[in-house]
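**Q** Got a file for you: start-v3.cif, mmCIF, C-alpha atoms (C1' of nucleotides).
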data_model
loop_
_atom_site.group_PDB
_atom_site.id
_atom_site.type_symbol
_atom_site.label_atom_id
_atom_site.label_comp_id
_atom_site.auth_asym_id
_atom_site.auth_seq_id
_atom_site.Cartn_x
_atom_site.Cartn_y
_atom_site.Cartn_z
ATOM 1 C CA MET M 1 228.965 102.388 -21.707
ATOM 2 C CA GLU M 2 229.405 100.579 -24.954
ATOM 3 C CA LEU M 3 231.957 101.420 -27.571
ATOM 4 C CA VAL M 4 229.377 102.311 -30.192
ATOM 5 C CA GLN M 5 227.721 104.698 -27.781
ATOM 6 C CA ILE M 6 230.974 106.541 -27.337
ATOM 7 C CA TYR M 7 231.180 107.078 -31.061
ATOM 8 C CA GLU M 8 227.542 108.098 -31.233
ATOM 9 C CA CYS M 9 228.405 110.817 -28.771
ATOM 10 C CA PHE M 10 231.429 111.810 -30.803
ATOM 11 C CA CYS M 11 229.802 112.003 -34.205
ATOM 12 C CA ASP M 12 228.454 115.528 -34.065
ATOM 13 C CA GLU M 13 230.624 118.607 -34.023
ATOM 14 C CA THR M 14 228.659 120.483 -31.406
ATOM 15 C CA ARG M 15 228.920 117.482 -29.120
ATOM 16 C CA LEU M 16 232.617 117.150 -29.766
ATOM 17 C CA ARG M 17 233.097 120.754 -28.742
ATOM 18 C CA ILE M 18 231.052 120.209 -25.602
ATOM 19 C CA ILE M 19 232.992 117.101 -24.695
ATOM 20 C CA ASN M 20 236.236 118.878 -25.337
ATOM 21 C CA LEU M 21 235.259 121.529 -22.835
ATOM 22 C CA ILE M 22 233.828 119.278 -20.180
ATOM 23 C CA ALA M 23 236.872 117.062 -20.326
ATOM 24 C CA GLN M 24 238.684 119.987 -18.708
ATOM 25 C CA GLY M 25 236.358 119.971 -15.741
ATOM 26 C CA PRO M 26 232.698 120.412 -14.789
ATOM 27 C CA LEU M 27 230.725 123.160 -16.433
ATOM 28 C CA CYS M 28 227.218 124.454 -16.269
ATOM 29 C CA VAL M 29 225.022 124.832 -19.306
ATOM 30 C CA CYS M 30 225.280 128.573 -19.494
ATOM 31 C CA HIS M 31 229.054 128.394 -19.567
ATOM 32 C CA VAL M 32 229.031 125.927 -22.400
ATOM 33 C CA GLN M 33 226.467 128.016 -24.155
ATOM 34 C CA GLU M 34 228.534 131.143 -23.842
ATOM 35 C CA LEU M 35 231.748 129.417 -24.837
ATOM 36 C CA LEU M 36 230.311 127.833 -27.946
ATOM 37 C CA GLY M 37 228.069 130.712 -28.884
ATOM 38 C CA GLU M 38 225.234 128.355 -29.697
ATOM 39 C CA PRO M 39 221.610 128.665 -28.618
ATOM 40 C CA GLN M 40 220.643 127.269 -25.254
ATOM 41 C CA VAL M 41 218.226 124.682 -26.546
ATOM 42 C CA ARG M 42 220.866 123.178 -28.747
ATOM 43 C CA ILE M 43 223.368 122.819 -25.944
ATOM 44 C CA SER M 44 220.747 121.480 -23.621
ATOM 45 C CA LYS M 45 219.594 118.836 -26.037
ATOM 46 C CA HIS M 46 223.075 117.674 -26.872
ATOM 47 C CA LEU M 47 223.863 117.421 -23.191
ATOM 48 C CA ALA M 48 220.744 115.320 -22.720
ATOM 49 C CA TYR M 49 221.910 113.126 -25.559
ATOM 50 C CA LEU M 50 225.276 112.654 -23.921
ATOM 51 C CA LYS M 51 223.679 111.970 -20.579
ATOM 52 C CA THR M 52 221.394 109.217 -21.833
ATOM 53 C CA ARG M 53 224.466 107.459 -23.164
ATOM 54 C CA GLY M 54 226.381 107.878 -19.934
ATOM 55 C CA LEU M 55 229.076 110.106 -21.307
ATOM 56 C CA VAL M 56 228.295 112.850 -18.852
ATOM 57 C CA ARG M 57 226.514 113.118 -15.549
ATOM 58 C CA ALA M 58 224.551 116.088 -14.291
ATOM 59 C CA GLU M 59 224.057 117.539 -10.873
ATOM 60 C CA ARG M 60 222.033 120.516 -9.851
ATOM 61 C CA TYR M 61 223.549 123.326 -7.849
ATOM 62 C CA GLN M 62 220.924 125.936 -7.118
ATOM 63 C CA ASN M 63 219.842 127.352 -10.400
ATOM 64 C CA TRP M 64 222.554 125.659 -12.389
ATOM 65 C CA MET M 65 223.003 122.226 -13.802
ATOM 66 C CA ILE M 66 226.587 121.172 -13.568
ATOM 67 C CA TYR M 67 227.706 118.710 -16.208
ATOM 68 C CA ALA M 68 230.815 116.640 -15.808
ATOM 69 C CA LEU M 69 232.379 113.460 -17.049
ATOM 70 C CA PRO M 70 231.352 110.466 -14.981
ATOM 71 C CA ALA M 71 233.603 109.708 -12.020
ATOM 72 C CA LYS M 72 234.132 106.132 -13.143
ATOM 73 C CA ARG M 73 235.068 105.749 -16.770
ATOM 74 C CA THR M 74 235.707 102.631 -18.741
ATOM 75 C CA ALA M 75 239.108 102.073 -20.247
ATOM 76 C CA GLU M 76 237.495 102.570 -23.650
ATOM 77 C CA LEU M 77 236.125 105.933 -22.759
ATOM 78 C CA GLU M 78 239.430 107.036 -21.319
ATOM 79 C CA ALA M 79 241.272 105.903 -24.403
ATOM 80 C CA ASN M 80 238.902 107.676 -26.733
ATOM 81 C CA LEU M 81 238.907 110.862 -24.712
ATOM 82 C CA ARG M 82 242.673 110.901 -24.834
ATOM 83 C CA CYS M 83 242.616 110.238 -28.534
ATOM 84 C CA LEU M 84 240.148 113.019 -29.018
ATOM 85 C CA GLN M 85 242.285 115.435 -27.055
ATOM 86 C CA ASP M 86 245.204 114.618 -29.292
ATOM 87 C CA CYS M 87 243.173 115.041 -32.438
ATOM 88 C CA VAL M 88 241.651 118.381 -31.622
ATOM 89 C CA GLN M 89 245.036 119.958 -30.950
ATOM 90 C CA THR M 90 245.245 120.881 -34.579
ATOM 91 C CA HIS M 91 241.724 122.243 -34.975
ATOM 92 C CA ALA M 92 241.192 125.942 -34.596
ATOM 93 C CA VAL M 93 237.614 125.690 -33.351
ATOM 94 C CA PHE M 94 238.465 123.419 -30.476
ATOM 95 C CA LYS M 95 241.555 125.327 -29.521
ATOM 96 C CA ARG M 96 239.633 128.544 -29.452
ATOM 97 C CA ASP M 97 237.023 126.975 -27.213
ATOM 98 C CA LEU M 98 239.722 125.931 -24.783
ATOM 99 C CA GLN M 99 241.339 129.345 -24.822
ATOM 100 C CA ARG M 100 238.051 130.977 -24.020
ATOM 101 C CA LEU M 101 237.533 128.491 -21.260
ATOM 102 C CA ALA M 102 240.897 129.344 -19.764
ATOM 103 C CA LYS M 103 239.965 133.010 -19.731
ATOM 104 C CA MET M 104 236.675 132.224 -18.099
ATOM 105 C CA ARG M 105 238.141 130.023 -15.391
ATOM 106 C CA PRO M 106 238.901 132.797 -12.905
ATOM 107 C CA LYS M 107 235.218 133.703 -12.760
ATOM 108 C CA MET M 108 234.336 130.128 -12.033
ATOM 109 C CA GLU M 109 236.184 129.201 -8.920
ATOM 110 C CA TRP M 110 232.993 128.494 -7.038
ATOM 111 C CA LEU M 111 232.435 125.632 -9.440
ATOM 112 C CA ALA M 112 235.686 123.928 -8.717
ATOM 113 C CA GLU M 113 234.723 123.103 -5.162
ATOM 114 C CA LEU M 114 231.455 121.475 -6.108
ATOM 115 C CA SER M 115 232.612 118.570 -8.096
ATOM 116 C CA THR M 116 234.018 115.297 -6.966
ATOM 117 C CA THR M 117 235.762 115.001 -10.282
ATOM 118 C CA PRO M 118 239.375 116.082 -10.342
ATOM 119 C CA HIS M 119 239.950 118.790 -12.883
ATOM 120 C CA ALA M 120 242.295 118.435 -15.695
ATOM 121 C CA LYS M 121 244.541 121.478 -15.968
ATOM 122 C CA MET F 122 238.613 113.402 -43.917
ATOM 123 C CA GLU F 123 237.169 115.302 -41.047
ATOM 124 C CA LEU F 124 237.156 114.162 -37.467
ATOM 125 C CA VAL F 125 233.389 113.981 -37.247
ATOM 126 C CA GLN F 126 233.293 111.790 -40.321
ATOM 127 C CA ILE F 127 235.594 109.326 -38.652
ATOM 128 C CA TYR F 128 233.202 109.041 -35.763
ATOM 129 C CA GLU F 129 230.244 108.758 -38.099
ATOM 130 C CA CYS F 130 231.950 105.761 -39.582
ATOM 131 C CA PHE F 131 232.629 104.331 -36.142
ATOM 132 C CA CYS F 132 229.168 104.708 -34.674
ATOM 133 C CA ASP F 133 227.596 101.528 -35.943
ATOM 134 C CA GLU F 134 228.607 98.081 -34.794
ATOM 135 C CA THR F 135 228.512 96.462 -38.207
ATOM 136 C CA ARG F 136 230.786 99.174 -39.512
ATOM 137 C CA LEU F 137 233.134 98.795 -36.574
ATOM 138 C CA ARG F 138 233.431 95.109 -37.327
ATOM 139 C CA ILE F 139 234.096 95.834 -40.976
ATOM 140 C CA ILE F 140 236.733 98.400 -40.149
ATOM 141 C CA ASN F 141 238.338 96.067 -37.673
ATOM 142 C CA LEU F 142 238.721 93.490 -40.422
ATOM 143 C CA ILE F 143 239.852 95.794 -43.171
ATOM 144 C CA ALA F 144 242.424 97.351 -40.894
ATOM 145 C CA GLN F 145 244.217 94.021 -41.165
ATOM 146 C CA GLY F 146 244.460 94.292 -44.927
ATOM 147 C CA PRO F 147 242.330 94.528 -48.062
ATOM 148 C CA LEU F 148 239.255 92.351 -48.332
ATOM 149 C CA CYS F 149 236.567 91.796 -50.865
ATOM 150 C CA VAL F 150 232.906 92.100 -50.077
ATOM 151 C CA CYS F 151 232.195 88.407 -50.054
ATOM 152 C CA HIS F 152 234.929 87.826 -47.510
ATOM 153 C CA VAL F 153 233.557 90.441 -45.187
ATOM 154 C CA GLN F 154 230.120 89.051 -45.712
ATOM 155 C CA GLU F 155 231.215 85.550 -44.854
ATOM 156 C CA LEU F 156 233.258 86.651 -41.863
ATOM 157 C CA LEU F 157 230.493 88.705 -40.315
ATOM 158 C CA GLY F 158 227.650 86.438 -41.307
ATOM 159 C CA GLU F 159 225.538 89.376 -42.376
ATOM 160 C CA PRO F 160 223.539 89.719 -45.596
ATOM 161 C CA GLN F 161 225.298 91.051 -48.647
ATOM 162 C CA VAL F 162 223.192 94.164 -49.011
ATOM 163 C CA ARG F 163 224.009 95.245 -45.505
ATOM 164 C CA ILE F 164 227.742 94.867 -45.965
ATOM 165 C CA SER F 165 227.642 96.548 -49.323
ATOM 166 C CA LYS F 166 225.750 99.533 -48.050
ATOM 167 C CA HIS F 167 227.942 100.012 -45.036
ATOM 168 C CA LEU F 168 230.980 99.834 -47.256
ATOM 169 C CA ALA F 169 229.443 102.482 -49.487
ATOM 170 C CA TYR F 170 228.853 104.601 -46.400
ATOM 171 C CA LEU F 171 232.489 104.262 -45.392
ATOM 172 C CA LYS F 172 233.633 105.019 -48.904
ATOM 173 C CA THR F 173 231.686 108.255 -49.234
ATOM 174 C CA ARG F 174 233.420 109.449 -46.092
ATOM 175 C CA GLY F 175 236.828 108.415 -47.297
ATOM 176 C CA LEU F 176 237.470 105.796 -44.688
ATOM 177 C CA VAL F 177 237.950 103.098 -47.278
ATOM 178 C CA ARG F 178 238.750 102.964 -50.931
ATOM 179 C CA ALA F 179 237.563 100.372 -53.405
ATOM 180 C CA GLU F 180 239.152 98.827 -56.422
ATOM 181 C CA ARG F 181 237.743 96.267 -58.770
ATOM 182 C CA TYR F 182 239.596 93.084 -59.515
ATOM 183 C CA GLN F 183 237.664 90.991 -62.002
ATOM 184 C CA ASN F 184 234.447 90.048 -60.347
ATOM 185 C CA TRP F 185 235.445 91.295 -56.956
ATOM 186 C CA MET F 186 235.536 94.653 -55.305
ATOM 187 C CA ILE F 187 238.505 94.941 -53.034
ATOM 188 C CA TYR F 188 238.116 97.309 -50.127
ATOM 189 C CA ALA F 189 241.033 98.678 -48.219
ATOM 190 C CA LEU F 190 242.004 101.537 -46.016
ATOM 191 C CA PRO F 191 243.220 104.537 -47.997
ATOM 192 C CA ALA F 192 246.927 104.608 -48.679
ATOM 193 C CA LYS F 193 247.280 108.078 -47.220
ATOM 194 C CA ARG F 194 245.666 108.523 -43.846
ATOM 195 C CA THR F 195 245.457 111.588 -41.725
ATOM 196 C CA ALA F 196 247.045 111.580 -38.308
ATOM 197 C CA GLU F 197 243.560 111.653 -36.862
ATOM 198 C CA LEU F 198 242.479 108.575 -38.691
ATOM 199 C CA GLU F 199 245.613 106.738 -37.672
ATOM 200 C CA ALA F 200 245.158 107.716 -34.064
ATOM 201 C CA ASN F 201 241.561 106.615 -34.024
ATOM 202 C CA LEU F 202 242.260 103.346 -35.767
ATOM 203 C CA ARG F 203 244.917 102.570 -33.200
ATOM 204 C CA CYS F 204 242.564 103.508 -30.423
ATOM 205 C CA LEU F 205 239.903 101.301 -31.891
ATOM 206 C CA GLN F 206 242.268 98.382 -32.145
ATOM 207 C CA ASP F 207 243.105 98.777 -28.483
ATOM 208 C CA CYS F 208 239.479 98.973 -27.487
ATOM 209 C CA VAL F 209 238.238 95.949 -29.354
ATOM 210 C CA GLN F 210 240.858 93.699 -27.794
ATOM 211 C CA THR F 211 238.457 92.972 -24.989
ATOM 212 C CA HIS F 212 235.366 92.388 -27.091
ATOM 213 C CA ALA F 213 234.487 88.835 -28.019
ATOM 214 C CA VAL F 214 232.749 89.707 -31.277
ATOM 215 C CA PHE F 215 235.695 91.546 -32.709
ATOM 216 C CA LYS F 216 238.199 88.990 -31.551
ATOM 217 C CA ARG F 217 236.189 86.227 -33.114
ATOM 218 C CA ASP F 218 236.057 88.128 -36.392
ATOM 219 C CA LEU F 219 239.823 88.417 -36.382
ATOM 220 C CA GLN F 220 240.291 84.767 -35.578
ATOM 221 C CA ARG F 221 238.084 83.784 -38.466
ATOM 222 C CA LEU F 222 240.016 86.124 -40.678
ATOM 223 C CA ALA F 223 243.264 84.498 -39.666
ATOM 224 C CA LYS F 224 241.866 81.111 -40.618
ATOM 225 C CA MET F 225 240.705 82.424 -43.923
ATOM 226 C CA ARG F 226 243.987 84.119 -44.806
ATOM 227 C CA PRO F 227 245.628 81.076 -46.412
ATOM 228 C CA LYS F 228 242.864 80.921 -49.003
ATOM 229 C CA MET F 229 243.416 84.551 -49.832
ATOM 230 C CA GLU F 230 246.988 84.852 -50.876
ATOM 231 C CA TRP F 231 246.063 86.055 -54.319
ATOM 232 C CA LEU F 232 244.643 89.138 -52.650
ATOM 233 C CA ALA F 233 247.824 90.112 -50.926
ATOM 234 C CA GLU F 234 249.596 90.847 -54.167
ATOM 235 C CA LEU F 235 246.965 93.166 -55.464
ATOM 236 C CA SER F 236 247.099 95.885 -52.950
ATOM 237 C CA THR F 237 249.491 98.735 -52.586
ATOM 238 C CA THR F 238 248.655 98.897 -48.925
ATOM 239 C CA PRO F 239 251.057 97.154 -46.615
ATOM 240 C CA HIS F 240 249.282 94.520 -44.598
ATOM 241 C CA ALA F 241 249.248 94.476 -40.919
ATOM 242 C CA LYS F 242 249.790 90.829 -40.165
ATOM 243 C "C1'" DT U 243 203.226 136.063 -4.557
ATOM 244 C "C1'" DT U 244 205.788 137.991 -8.174
ATOM 245 C "C1'" DG U 245 209.491 138.175 -11.037
ATOM 246 C "C1'" DG U 246 213.953 136.722 -12.745
ATOM 247 C "C1'" DT U 247 217.360 133.403 -14.170
ATOM 248 C "C1'" DA U 248 218.757 128.777 -15.687
ATOM 249 C "C1'" DT U 249 217.500 124.761 -17.881
ATOM 250 C "C1'" DA U 250 214.481 121.292 -19.882
ATOM 251 C "C1'" DT U 251 210.702 119.750 -22.647
ATOM 252 C "C1'" DA U 252 207.074 119.589 -26.288
ATOM 253 C "C1'" DC U 253 206.058 120.154 -30.766
ATOM 254 C "C1'" DC U 254 207.077 120.590 -35.619
ATOM 255 C "C1'" DT U 255 210.026 120.027 -39.685
ATOM 256 C "C1'" DG U 256 213.440 118.318 -42.654
ATOM 257 C "C1'" DT U 257 217.153 115.063 -43.018
ATOM 258 C "C1'" DT U 258 219.638 111.074 -42.307
ATOM 259 C "C1'" DG U 259 220.245 106.319 -41.100
ATOM 260 C "C1'" DC U 260 219.253 101.446 -41.288
ATOM 261 C "C1'" DA U 261 216.854 97.500 -42.687
ATOM 262 C "C1'" DG U 262 215.120 94.076 -46.057
ATOM 263 C "C1'" DA U 263 213.287 92.631 -50.667
ATOM 264 C "C1'" DA U 264 213.809 92.905 -55.299
ATOM 265 C "C1'" DT U 265 216.252 94.320 -59.179
ATOM 266 C "C1'" DT U 266 220.239 95.767 -61.831
ATOM 267 C "C1'" DT U 267 224.962 96.116 -63.246
ATOM 268 C "C1'" DA U 268 229.607 94.324 -64.275
ATOM 269 C "C1'" DG U 269 232.601 91.000 -65.422
ATOM 270 C "C1'" DA U 270 233.874 85.939 -66.406
ATOM 271 C "C1'" DA U 271 232.999 81.654 -68.292
ATOM 272 C "C1'" DT U 272 230.731 78.592 -71.427
ATOM 273 C "C1'" DA R 273 224.200 85.088 -76.472
ATOM 274 C "C1'" DT R 274 223.444 82.869 -72.137
ATOM 275 C "C1'" DT R 275 224.560 81.957 -67.651
ATOM 276 C "C1'" DC R 276 226.983 82.476 -63.382
ATOM 277 C "C1'" DT R 277 228.938 85.136 -59.620
ATOM 278 C "C1'" DA R 278 229.891 89.390 -57.128
ATOM 279 C "C1'" DA R 279 228.385 93.634 -55.894
ATOM 280 C "C1'" DA R 280 225.625 97.832 -56.151
ATOM 281 C "C1'" DT R 281 221.310 100.171 -56.477
ATOM 282 C "C1'" DT R 282 216.433 101.126 -56.001
ATOM 283 C "C1'" DC R 283 212.306 101.212 -53.334
ATOM 284 C "C1'" DT R 284 209.812 101.290 -49.139
ATOM 285 C "C1'" DG R 285 209.136 101.864 -44.349
ATOM 286 C "C1'" DC R 286 210.539 103.331 -40.091
ATOM 287 C "C1'" DA R 287 213.165 105.217 -36.375
ATOM 288 C "C1'" DA R 288 216.485 108.517 -34.946
ATOM 289 C "C1'" DC R 289 218.551 112.853 -35.203
ATOM 290 C "C1'" DA R 290 219.137 117.941 -35.506
ATOM 291 C "C1'" DG R 291 217.349 122.296 -35.757
ATOM 292 C "C1'" DG R 292 214.102 125.929 -34.257
ATOM 293 C "C1'" DT R 293 210.088 128.185 -31.657
ATOM 294 C "C1'" DA R 294 207.460 128.219 -27.920
ATOM 295 C "C1'" DT R 295 206.430 126.750 -23.404
ATOM 296 C "C1'" DA R 296 207.225 124.652 -18.995
ATOM 297 C "C1'" DT R 297 209.830 123.674 -14.903
ATOM 298 C "C1'" DA R 298 212.993 124.522 -11.050
ATOM 299 C "C1'" DC R 299 215.151 127.359 -8.073
ATOM 300 C "C1'" DC R 300 216.180 131.919 -6.121
ATOM 301 C "C1'" DA R 301 215.277 136.620 -4.483
ATOM 302 C "C1'" DA R 302 212.417 140.432 -3.117
#
The structure given in the file should be rewritten as structure tokens.

**A**
Amino acid sequence: MELVQIYECFCDETRLRIINLIAQGPLCVCHVQELLGEPQVRISKHLAYLKTRGLVRAERYQNWMIYALPAKRTAELEANLRCLQDCVQTHAVFKRDLQRLAKMRPKMEWLAELSTTPHAK
Amino acid sequence: MELVQIYECFCDETRLRIINLIAQGPLCVCHVQELLGEPQVRISKHLAYLKTRGLVRAERYQNWMIYALPAKRTAELEANLRCLQDCVQTHAVFKRDLQRLAKMRPKMEWLAELSTTPHAK
DNA sequence: TTGGTATATACCTGTTGCAGAATTTAGAAT
DNA sequence: ATTCTAAATTCTGCAACAGGTATATACCAA
């Protein structure tokens, strides 16, 4: 994953919000959709965009597609994800997304066991 | 300067190289052009792109346009510039650009006195 | 098989981005 | 005024992106 590709992924607000959420742990499309309050097709297409650039990976579980950060991440990606996390601290939209996610977590325990990726928080 | 705009500025390699150079201190267009070995129109247009998003400011000195980072930078911009500097350490292209810049510095002392921006070495 | 849910894809539209070639503008020097 | 240099702008073409609507696919359940 090249540096420029990271920034391509980062340069749209919807994608930033998605990344912000998925950085906390794997999510399926419908969760993201509900959390962001954006139409399904939009979420789906942005996720596809991220996937082609290797920023996320996808795995099917029954009816759901579970999206997560890749297990192996370059130092660059790690650095930029950390930087992003710092930056969004001060932005209401992103904070709200995370708060909603926290509320939703309890309903999502089944998801936690699926992924090989360790969850943040 | 919004977060997304920072990433818009970062998502093209030519722009990344320009930013990497200008982060070291103010430069005029012809310097950037010479350092990158890219045609003038390309440099000029990317600089315009960066300027409209507030990532750089420009100031005329006689025949030359001097581009520099803005004097006041948001925390986000600072964080991302630092992150970028870390990331490019390992990339030959960017390192070479900086080496060339270092060689060119002696010929550019007149520039140093113009700017209000403190130079990073 | 039928129907439902979750997700992706195809198609269309408008916008933006990037490139190069040619031209123009601004200032300096003669 | 003319000429030189530095830089920006205009024009054209093309590819990518972002949005939406509609449709298709994949899996599950009855």

**Q** List the neighbours of segment 275-288 of chain R out to 8 Å using only C-alpha atoms (C1' of nucleotides); skip same-chain residues closer than 6 positions along the sequence, and give me the result as a count of residues only.

**A** 12

**Q** Just want the 12 Å neighbourhood of Ala48 of chain M, counted on only C-alpha atoms (C1' of nucleotides), with same-chain residues fewer than 3 positions away dropped. Output as a short mmCIF file (atom, residue, chain, number, x, y, z; two decimals) with C-alpha atoms (C1' of nucleotides), in the coordinates of the input.

**A**
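New file around.cif:
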data_model
loop_
_atom_site.label_atom_id
_atom_site.label_comp_id
_atom_site.auth_asym_id
_atom_site.auth_seq_id
_atom_site.Cartn_x
_atom_site.Cartn_y
_atom_site.Cartn_z
CA CYS M 9 228.40 110.82 -28.77
CA ARG M 15 228.92 117.48 -29.12
CA ILE M 18 231.05 120.21 -25.60
CA VAL M 29 225.02 124.83 -19.31
CA VAL M 41 218.23 124.68 -26.55
CA ARG M 42 220.87 123.18 -28.75
CA ILE M 43 223.37 122.82 -25.94
CA SER M 44 220.75 121.48 -23.62
CA LYS M 45 219.59 118.84 -26.04
CA LYS M 51 223.68 111.97 -20.58
CA THR M 52 221.39 109.22 -21.83
CA ARG M 53 224.47 107.46 -23.16
CA GLY M 54 226.38 107.88 -19.93
CA LEU M 55 229.08 110.11 -21.31
CA VAL M 56 228.30 112.85 -18.85
CA ARG M 57 226.51 113.12 -15.55
CA ALA M 58 224.55 116.09 -14.29
CA MET M 65 223.00 122.23 -13.80
CA TYR M 67 227.71 118.71 -16.21
"C1'" DT U 249 217.50 124.76 -17.88
"C1'" DA U 250 214.48 121.29 -19.88
"C1'" DT U 251 210.70 119.75 -22.65
#

**Q** Any idea what the distance is between atom CA of Asp97 of chain M and atom CA of Cys11 of chain M?

**A**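 Between atom CA of Asp97 of chain M and atom CA of Cys11 of chain M the gap is 18.0 Å.
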
**Q** Could you tell me how far atom CA of Glu123 of chain F sits from atom CA of Val88 of chain M, in Å to one decimal place?

**A**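 Going from atom CA of Val88 of chain M over to atom CA of Glu123 of chain F, I get 10.9 Å.
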
**Q** Given the file above and the PyMOL selection byres ((chain R and resi 292) around 10), which residues are selected, and can you give them as a ChimeraX atom specification?

**A** /M:39,41-42 /U:254-255 /R:290-291,293-294

**Q** Export C-alpha atoms (C1' of nucleotides) of the chosen residues as a PDB file, in the frame of the given file?

**A**
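Saved result, again-v7.pdb, follows:
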ATOM      1  CA  PRO M  39     221.610 128.665 -28.618  1.00  0.00           C
ATOM      2  CA  VAL M  41     218.226 124.682 -26.546  1.00  0.00           C
ATOM      3  CA  ARG M  42     220.866 123.178 -28.747  1.00  0.00           C
TER       4      ARG M  42
ATOM      5  C1'  DC U 254     207.077 120.590 -35.619  1.00  0.00           C
ATOM      6  C1'  DT U 255     210.026 120.027 -39.685  1.00  0.00           C
TER       7       DT U 255
ATOM      8  C1'  DA R 290     219.137 117.941 -35.506  1.00  0.00           C
ATOM      9  C1'  DG R 291     217.349 122.296 -35.757  1.00  0.00           C
ATOM     10  C1'  DT R 293     210.088 128.185 -31.657  1.00  0.00           C
ATOM     11  C1'  DA R 294     207.460 128.219 -27.920  1.00  0.00           C
TER      12       DA R 294
END

**Q** Under the PyMOL selection byres ((chain F and resi 193) around 12), which residues of this model are included? Write them out as a list in words.

**A**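 Written out, the selection comes to Met122, Gly175, Leu176, Val177, Arg178, Ala189, Leu190, Pro191, Ala192, Arg194, Thr195, Ala196, Glu197, Leu198, Glu199, Thr237, Thr238 and Pro239 of chain F.
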
**Q** When you draw a straight line from atom CA of Gly146 of chain F to atom CA of Met225 of chain F, how long is it in Å?

**A** 12.5 Å

**Q** Compile the residues of chain R that lie within 8 Å of chain M, evaluated using all atoms listed in the file, and express the compilation as a ChimeraX atom specification.

**A** /R:291,298-300

**Q** Can you write just those residues out, C-alpha atoms (C1' of nucleotides), as a tab-separated table (two decimals), keeping the file's coordinate frame?

**A**
chain	number	residue	atom	x	y	z
R	291	DG	C1'	217.35	122.30	-35.76
R	298	DA	C1'	212.99	124.52	-11.05
R	299	DC	C1'	215.15	127.36	-8.07
R	300	DC	C1'	216.18	131.92	-6.12

**Q** If we count all atoms listed in the file, which residues of chain F reach to within 7 Å of chain M? Please list them as a list in words.

**A** Val125, Tyr128, Glu129, Phe131, Cys132, Asp133, Glu134, Glu197, Ala200, Asn201, Cys204 and Cys208 of chain F

**Q** Which chain U residues are at most 9 Å from chain F (counting all atoms listed in the file), as a PyMOL selection string?

**A** chain U and resi 260-262+268-270

**Q** Output as JSON the centre and edge lengths (Å, one decimal) of the box along x, y and z of the file that holds every listed atom of segment 288-301 of chain R after adding 3 Å on each side.

**A**
{"center_x": 212.8, "center_y": 122.6, "center_z": -20.1, "size_x": 18.7, "size_y": 34.1, "size_z": 37.3}

**Q** For the file shown, what are the residues hit by the PyMOL selection byres ((chain U and resi 245) around 10), laid out as a PyMOL selection string?

**A** (chain U and resi 243-244+246-247) or (chain R and resi 301-302)
